[in-house]
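Remarks on the structure that follows.
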Amino acid sequence: NPKDRAYRFQRVAPIHVSPHNPSRVYHTSQYVHVTENGGRTWETISPDLTAFTPETQVVSGAPITIDVTGEEHFSVIYEIQESPLEVGVIWVGANDGPIHLTRDNGKTWNDVTPPEPGPHGRVQNIEVSPHDPAKAYAAVLRYQLGDFEPYAFTTEDYGETWTPTRPGGYGTPHEHPGWLTC
């Protein structure tokens with residue numbers, strides 16, 4: 001059961017190379033891990049950045065089909081991006097909803113989750129602006145919860161506030177979250 005594991009890695013756990021230091025590589029479980037020596041040693045630079053609720057921690061595939069590989073976990077970091085403009089500004093999103101930001105290379109983390117769409121959405125993508133250090137975009141999917149509305153947000157103040165990007169603009173179809181993963 002994932003609630004009993006020290007680390008919850010998923011088969012799609014992101015790996016991100018720092019745009020400022022190619023020796024600095026990030027890898028995530030429910031924590032952010034970093035190496036600067038080719039993976040010989042790893043340092044954990046965050047607390048658990050997921051929503052982690054014990055009632056959502058079940059054996060992968062339960063109750064329908066048990067996944068013997070153990071590769072699918074809820075409450076893992078699903079996305080990580082370091083700002084291309086500022087060293088140590090790192091954004092992460094979890095598959096159970098939260099978005100967190102550090103501006104001091106992992107010493108402190110702030111929950112900057114948009115107020116909507118509610119709990120348990122999968123933060124599919126975070127894209128940090130290559131032009132404005134305070135600007136980022138986030139896409140959240142909830143289709144596994146029966147909510148097919150695409151959720152996309154923009155922040156221009158390091159996640160203090162978020163502006164929803166509503167479907168319909170630029171030809172995006174309503175109730176079709178697939179456009180968020182392009």
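Labels used: A, B, ... for chains in the order of the structure tokens, numbers from 1 for residues in each chain, and numbers from 1 for ligands as shown.
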Item to complete: Write out as a list in words which residues come within 6 Å of stretch 152-159 of chain A when counting only C-alpha atoms, dropping same-chain ones fewer than 5 positions away.
Response: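 With the cut-off at 6 Å, the set is Val112, Ala134, Lys135, Ala136, Tyr137, Ala138, Ala139, Pro164 and Thr165 of chain A.
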Now that the selection is made, can you save its residues with N, CA and C atoms as an mmCIF file, in the first residue's frame?
```cif
data_model
loop_
_atom_site.group_PDB
_atom_site.id
_atom_site.type_symbol
_atom_site.label_atom_id
_atom_site.label_comp_id
_atom_site.auth_asym_id
_atom_site.auth_seq_id
_atom_site.Cartn_x
_atom_site.Cartn_y
_atom_site.Cartn_z
ATOM 1 N N VAL A 112 0.729 27.299 -3.709
ATOM 2 C CA VAL A 112 0.183 28.343 -4.582
ATOM 3 C C VAL A 112 -0.937 27.779 -5.460
ATOM 4 N N ALA A 134 7.849 36.016 -13.067
ATOM 5 C CA ALA A 134 6.711 35.805 -12.171
ATOM 6 C C ALA A 134 5.555 35.071 -12.835
ATOM 7 N N LYS A 135 5.667 34.818 -14.153
ATOM 8 C CA LYS A 135 4.548 34.272 -14.910
ATOM 9 C C LYS A 135 4.709 32.769 -15.149
ATOM 10 N N ALA A 136 3.598 32.060 -14.958
ATOM 11 C CA ALA A 136 3.574 30.622 -15.230
ATOM 12 C C ALA A 136 2.156 30.222 -15.631
ATOM 13 N N TYR A 137 2.074 29.093 -16.278
ATOM 14 C CA TYR A 137 0.800 28.530 -16.723
ATOM 15 C C TYR A 137 0.658 27.142 -16.103
ATOM 16 N N ALA A 138 -0.558 26.768 -15.758
ATOM 17 C CA ALA A 138 -0.809 25.438 -15.193
ATOM 18 C C ALA A 138 -2.054 24.834 -15.831
ATOM 19 N N ALA A 139 -1.976 23.548 -16.117
ATOM 20 C CA ALA A 139 -3.118 22.803 -16.645
ATOM 21 C C ALA A 139 -3.462 21.695 -15.666
ATOM 22 N N PRO A 164 -8.157 32.106 -14.563
ATOM 23 C CA PRO A 164 -8.564 30.948 -15.374
ATOM 24 C C PRO A 164 -8.549 31.291 -16.865
ATOM 25 N N THR A 165 -8.098 30.356 -17.646
ATOM 26 C CA THR A 165 -8.179 30.456 -19.100
ATOM 27 C C THR A 165 -9.339 29.574 -19.497
#
```
Fill in: Selection near A:Gly106, 6 Å with only C-alpha atoms, sequence-local residues under 4 positions removed, as a list in words
Ile45, Ser46 and Thr102 of chain A
Please write the residues from the selection above to a file, keeping N, CA and C atoms, as a PDB file, in the first residue's frame.
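File produced: out-v5.pdb:
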```pdb
ATOM      1  N   ILE A  45      14.920  17.923  -1.091  1.00  0.00           N
ATOM      2  CA  ILE A  45      14.882  19.359  -0.812  1.00  0.00           C
ATOM      3  C   ILE A  45      13.467  19.884  -0.542  1.00  0.00           C
ATOM      4  N   SER A  46      12.541  18.975  -0.235  1.00  0.00           N
ATOM      5  CA  SER A  46      11.179  19.436   0.044  1.00  0.00           C
ATOM      6  C   SER A  46      10.515  18.523   1.059  1.00  0.00           C
ATOM      7  N   THR A 102       8.971  27.094  -4.787  1.00  0.00           N
ATOM      8  CA  THR A 102      10.073  27.558  -3.952  1.00  0.00           C
ATOM      9  C   THR A 102      10.814  28.623  -4.740  1.00  0.00           C
TER      10      THR A 102
END
```
Item to complete: Could you give me, as JSON, numbers by chain, the residues within 7 Å of A:Tyr26, counting only C-alpha atoms and dropping anything in the same chain fewer than 3 positions from it?
Response: {"A": [15, 16, 17, 32, 33, 34, 35]}
Can you write out the residues you just picked, keeping C-alpha atoms, as an mmCIF file, in the first residue's frame?
```
data_model
loop_
_atom_site.group_PDB
_atom_site.id
_atom_site.type_symbol
_atom_site.label_atom_id
_atom_site.label_comp_id
_atom_site.auth_asym_id
_atom_site.auth_seq_id
_atom_site.Cartn_x
_atom_site.Cartn_y
_atom_site.Cartn_z
ATOM 1 C CA ILE A 15 12.896 14.115 -14.214
ATOM 2 C CA HIS A 16 13.998 17.682 -14.924
ATOM 3 C CA VAL A 17 17.450 19.035 -15.765
ATOM 4 C CA VAL A 32 11.672 16.741 -4.701
ATOM 5 C CA HIS A 33 15.040 14.988 -4.922
ATOM 6 C CA VAL A 34 18.146 16.500 -6.528
ATOM 7 C CA THR A 35 21.536 15.219 -7.599
#
```
Residue neighbourhood A:Gly93, 6 Å, only C-alpha atoms, exclusion window fewer than 6 positions, as a PDB file with N, CA, C and O atoms, in the first residue's frame:
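And here is the file that came out, around-v6.pdb:
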```
ATOM      1  N   ILE A  77       4.220  13.767  -6.974  1.00  0.00           N
ATOM      2  CA  ILE A  77       4.488  14.942  -7.794  1.00  0.00           C
ATOM      3  C   ILE A  77       4.482  14.484  -9.242  1.00  0.00           C
ATOM      4  O   ILE A  77       5.127  13.503  -9.596  1.00  0.00           O
ATOM      5  N   TYR A  78       3.731  15.188 -10.054  1.00  0.00           N
ATOM      6  CA  TYR A  78       3.501  14.800 -11.447  1.00  0.00           C
ATOM      7  C   TYR A  78       4.202  15.738 -12.426  1.00  0.00           C
ATOM      8  O   TYR A  78       4.364  15.420 -13.593  1.00  0.00           O
ATOM      9  N   GLU A  79       4.607  16.923 -11.968  1.00  0.00           N
ATOM     10  CA  GLU A  79       5.238  17.906 -12.835  1.00  0.00           C
ATOM     11  C   GLU A  79       6.229  18.730 -12.027  1.00  0.00           C
ATOM     12  O   GLU A  79       5.975  19.051 -10.864  1.00  0.00           O
ATOM     13  N   ILE A  99      -0.238  22.721  -6.131  1.00  0.00           N
ATOM     14  CA  ILE A  99       0.892  23.312  -6.830  1.00  0.00           C
ATOM     15  C   ILE A  99       1.706  24.040  -5.768  1.00  0.00           C
ATOM     16  O   ILE A  99       1.155  24.787  -4.953  1.00  0.00           O
ATOM     17  N   VAL A 123      -2.340  17.853 -11.707  1.00  0.00           N
ATOM     18  CA  VAL A 123      -1.605  18.947 -12.331  1.00  0.00           C
ATOM     19  C   VAL A 123      -0.791  18.324 -13.461  1.00  0.00           C
ATOM     20  O   VAL A 123       0.232  17.689 -13.239  1.00  0.00           O
TER      21      VAL A 123
END
```
Worksheet item: Of the residues A:Ser129, A:His27, A:Val89, A:Gln10, which is the one nearest to A:Lys107, using only C-alpha atoms?
Response: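 Selected residue with least distance to A:Lys107: A:Val89.
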Practice prompt. Give me every strand (DSSP E or B) residue in stretch 19-131 of chain A, going by DSSP on the backbone, as a PyMOL selection string.
Written response: chain A and resi 25-28+32-35+43-44+77-82+90-94+99-102+110-111+122-128
Item to complete: Can you work out the spacing between atom CA of A:Thr161 and atom CA of A:Val12 in Å, to one decimal?
Response: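 Pair atom CA of A:Thr161 / atom CA of A:Val12 returns 28.5 Å.
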Give me, as an mmCIF file with N, CA, C and O atoms, in the first residue's frame, all polymer residues having an atom no more than 7 Å from A:Trp91, counting only C-alpha atoms and skipping those fewer than 5 positions away in the same chain.
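Below is the file selection-v4.cif, written as the result:
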```
data_model
loop_
_atom_site.group_PDB
_atom_site.id
_atom_site.type_symbol
_atom_site.label_atom_id
_atom_site.label_comp_id
_atom_site.auth_asym_id
_atom_site.auth_seq_id
_atom_site.Cartn_x
_atom_site.Cartn_y
_atom_site.Cartn_z
ATOM 1 N N ILE A 80 7.373 19.049 -12.641
ATOM 2 C CA ILE A 80 8.370 19.927 -12.019
ATOM 3 C C ILE A 80 9.022 20.760 -13.107
ATOM 4 O O ILE A 80 9.335 20.251 -14.186
ATOM 5 N N GLN A 81 9.193 22.047 -12.820
ATOM 6 C CA GLN A 81 9.858 22.960 -13.736
ATOM 7 C C GLN A 81 10.647 23.979 -12.930
ATOM 8 O O GLN A 81 10.108 24.592 -12.007
ATOM 9 N N GLU A 82 11.908 24.149 -13.290
ATOM 10 C CA GLU A 82 12.690 25.246 -12.726
ATOM 11 C C GLU A 82 12.603 26.419 -13.694
ATOM 12 O O GLU A 82 12.666 26.234 -14.913
ATOM 13 N N HIS A 100 3.010 23.783 -5.769
ATOM 14 C CA HIS A 100 3.907 24.430 -4.815
ATOM 15 C C HIS A 100 5.028 25.148 -5.560
ATOM 16 O O HIS A 100 5.395 24.765 -6.669
ATOM 17 N N LEU A 101 5.588 26.153 -4.886
ATOM 18 C CA LEU A 101 6.661 26.956 -5.456
ATOM 19 C C LEU A 101 7.712 27.224 -4.388
ATOM 20 O O LEU A 101 7.377 27.538 -3.243
ATOM 21 N N THR A 102 8.971 27.094 -4.787
ATOM 22 C CA THR A 102 10.073 27.558 -3.952
ATOM 23 C C THR A 102 10.814 28.623 -4.740
ATOM 24 O O THR A 102 10.986 28.504 -5.953
#
```
Worksheet item: Which of these, A:Glu36, A:Glu160, A:Glu127, A:Asp104, has the shortest distance to A:Val87 once you count only C-alpha atoms?
Response: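 The closest residue to A:Val87 is A:Asp104.
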Worksheet entry | Top pick for closest residue to A:Thr163, considering A:Arg24, A:Trp109, A:Thr53, A:Pro114 and counting only C-alpha atoms |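 Distance minimum relative to A:Thr163 lands on A:Pro114.
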Worksheet item: Quick one: of A:Tyr7, A:Gly88, A:Val76, A:His20, who's nearest to A:Thr44, counting only C-alpha atoms?
Response: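 Looking at the shortest contact to A:Thr44, the residue is A:Tyr7.
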